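S.K.: The structure that follows is given in the form of structure tokens.
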Amino acid sequence: MLVAEKQCTLKNGKSAILRPIYPNEAETFLSAYIQTSSETSFISNYPEEINITVEQEKALLERFNENPNMFFIGAYVDDTFAGSISLMKKTNIKEKHKATFGIAVLQKYWGMGIGKALMIYAMEQAKAMGVKLLDLRVLSGNAKAIKLYEDLGFIKAGEIPGAFILKDGAEHSDIIMYKRL
């Protein structure tokens with residue numbers, strides 16, 4: 001689904017544009033995803049595990065933009081990609097009121113309010129799509145993200161201990177959170 005472009009003001013006074021990520025930006029997006037996965041252990045993949053090609057990424061973005069039950073929104077600061085959020089609404093009868101999403105922000109842009117802006121805009125779009133229940137998963141060590149989600153009204157539903165084991169052997173729980181819209 002293509003969402004409308006939205007401008008927001010960040011904590012540092014700069015403007016960010018929130019808008020769909022277009023297929024012709026697949027290479028930029030893929031490069032940013034690989035970079036983000038190298039900057040933090042809170043992304044579910046290590047950079048070397050990301051095996052998708054630019055053409056496959058382009059097809060994925062086309063699917064997101066054409067499907068009314070999903071979207072991919074990018075945040076752009078000074079016309080530079082800074083982060084993204086994706087949402088996928090369930091389509092089966094018993095769960096069509098639910099959606100799940102994932103978010104990533106490049107380290108250079110942490111602390112500016114981009115994650116919060118993306119979350120708020122995604123929740124607005126989800127509500128307009130008829131979503132009544134949002135869920136997400138977050139690694140237990142990601143305290144800043146957990147605080148943001150709680151500040152936005154998400155509630156911890158449970159956790160799966162040891163769901164992620166990092167290269168250094170550190171274990172993290174997979175925390176499941178939800179919010180009713």
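Each chain in the structure tokens gets a letter, A, B, ..., in the order shown, and its residues are numbered from 1; ligands are numbered from 1 in order too.
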Can you pull out every residue within 6 Å of Tyr46 in chain A, counting only C-alpha atoms, but drop anything in the same chain fewer than 2 positions away, and send it as a ChimeraX atom specification?
M.R.: /A:37,48-49
S.K.: Would you return as a list in words the members of range 44-116 of chain A that DSSP assigns to strand (DSSP E or B) on this structure's backbone?
M.R.: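 Everything in range 44-116 of chain A that counts as strand (DSSP E or B) is Met70, Phe71, Phe72, Ile73, Gly74, Ala75, Tyr76, Val77, Thr80, Phe81, Ala82, Gly83, Ser84, Ile85, Ser86, Leu87, Met88, Lys89, Lys98, Ala99, Thr100, Phe101, Gly102, Ile103, Ala104 and Val105 of chain A.
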S.K.: From the set A:Glu159, A:Thr91, A:Ile120, A:Thr80, which residue has the shortest atom-to-atom contact distance to Pro68 in chain A, counting only C-alpha atoms?
M.R.: A:Thr91
S.K.: Ile155 in chain A: which residues within 8 Å, counting only C-alpha atoms, same-chain residues fewer than 4 positions away excluded, as JSON, numbers by chain?
M.R.: {"A": [149, 150, 177, 178, 179]}
S.K.: If we count only C-alpha atoms and set the cut-off at 12 Å, which residues sit around Glu171 in chain A, ignoring sequence neighbours fewer than 5 positions away in its own chain? Please answer as a list in words.
M.R.: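 The residues satisfying every condition are Ser41, Phe42, Leu139, Ser140, Gly141, Ile160, Pro161, Gly162, Ala163, Phe164, Ile165 and Leu166 of chain A.
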S.K.: Would you mind exporting C-alpha atoms of the selected residues as a CSV table (one decimal), in the first residue's frame?
M.R.:
```csv
chain,number,residue,atom,x,y,z
A,41,SER,CA,22.8,-6.9,17.4
A,42,PHE,CA,19.1,-6.1,17.8
A,139,LEU,CA,15.2,-8.5,21.8
A,140,SER,CA,15.3,-8.2,25.6
A,141,GLY,CA,18.6,-6.2,25.5
A,160,ILE,CA,10.7,-16.6,25.0
A,161,PRO,CA,13.9,-17.0,27.0
A,162,GLY,CA,17.1,-17.7,25.0
A,163,ALA,CA,15.3,-17.1,21.6
A,164,PHE,CA,18.4,-15.4,20.2
A,165,ILE,CA,22.0,-16.4,20.8
A,166,LEU,CA,24.6,-14.0,19.5
```
S.K.: Rank nothing, just name the residue among A:Glu5, A:Asp151, A:Glu25, A:Asp79 nearest to Glu62 in chain A, using only C-alpha atoms.
M.R.: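 The answer is A:Glu25, which sits nearest to Glu62 in chain A.
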S.K.: Enter the distance from CA of Lys132 in chain A to CA of Leu10 in chain A, in Å, rounded to one decimal.
M.R.: 27.7 Å
S.K.: Would you mind telling me which residue in A:Ser173, A:Leu106, A:Ala143, A:Ser38 lies nearest to Ala82 in chain A when using only C-alpha atoms?
M.R.: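 When distances to Ala82 in chain A are compared using only C-alpha atoms, the smallest one comes from A:Leu106.
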S.K.: From the set A:Leu60, A:Leu87, A:Met129, A:Ala104, which residue has the shortest atom-to-atom contact distance to Thr36 in chain A, counting only C-alpha atoms?
M.R.: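 Once distances to Thr36 in chain A are computed over only C-alpha atoms, the minimum belongs to A:Ala104.
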S.K.: Here is a test: counting only C-alpha atoms, which residue of A:Ile34, A:Val77, A:Ile21, A:Ala99 is nearest to Ala59 in chain A?
M.R.: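 Under the stated criterion, the closest residue is A:Ile21.
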S.K.: Looking at A:Val54, A:Ala126, A:Ile43, A:Met1, which one is nearest to Arg19 in chain A, with distances taken over only C-alpha atoms?
M.R.: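 Using only C-alpha atoms, Arg19 in chain A sits closest to A:Met1.
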S.K.: May I have the residues within 12 Å of Ala128 in chain A as a list in words, using only C-alpha atoms and disregarding those fewer than 5 positions away in the same chain?
M.R.: Met1, Val3, Pro68, Asn69, Lys89, His97, Tyr121, Ala122, Met123 and Leu181 of chain A
S.K.: List the neighbours of Ile103 in chain A out to 8 Å using only C-alpha atoms; skip same-chain residues closer than 2 positions along the sequence, and give me the result as a list in words.
M.R.: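 Near neighbours after the sequence-gap exclusion: Gly83, Ser84, Ile85, Ser86, Phe101, Val105 and Gly115 of chain A.
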S.K.: Determine which residues of range 13-164 of chain A receive a DSSP assignment of helix (DSSP H, G or I), computed from the backbone, and state them as a VMD selection string.
M.R.: chain A and resid 23 to 39 47 to 49 54 to 66 93 to 95 107 to 109 114 to 128 143 to 151
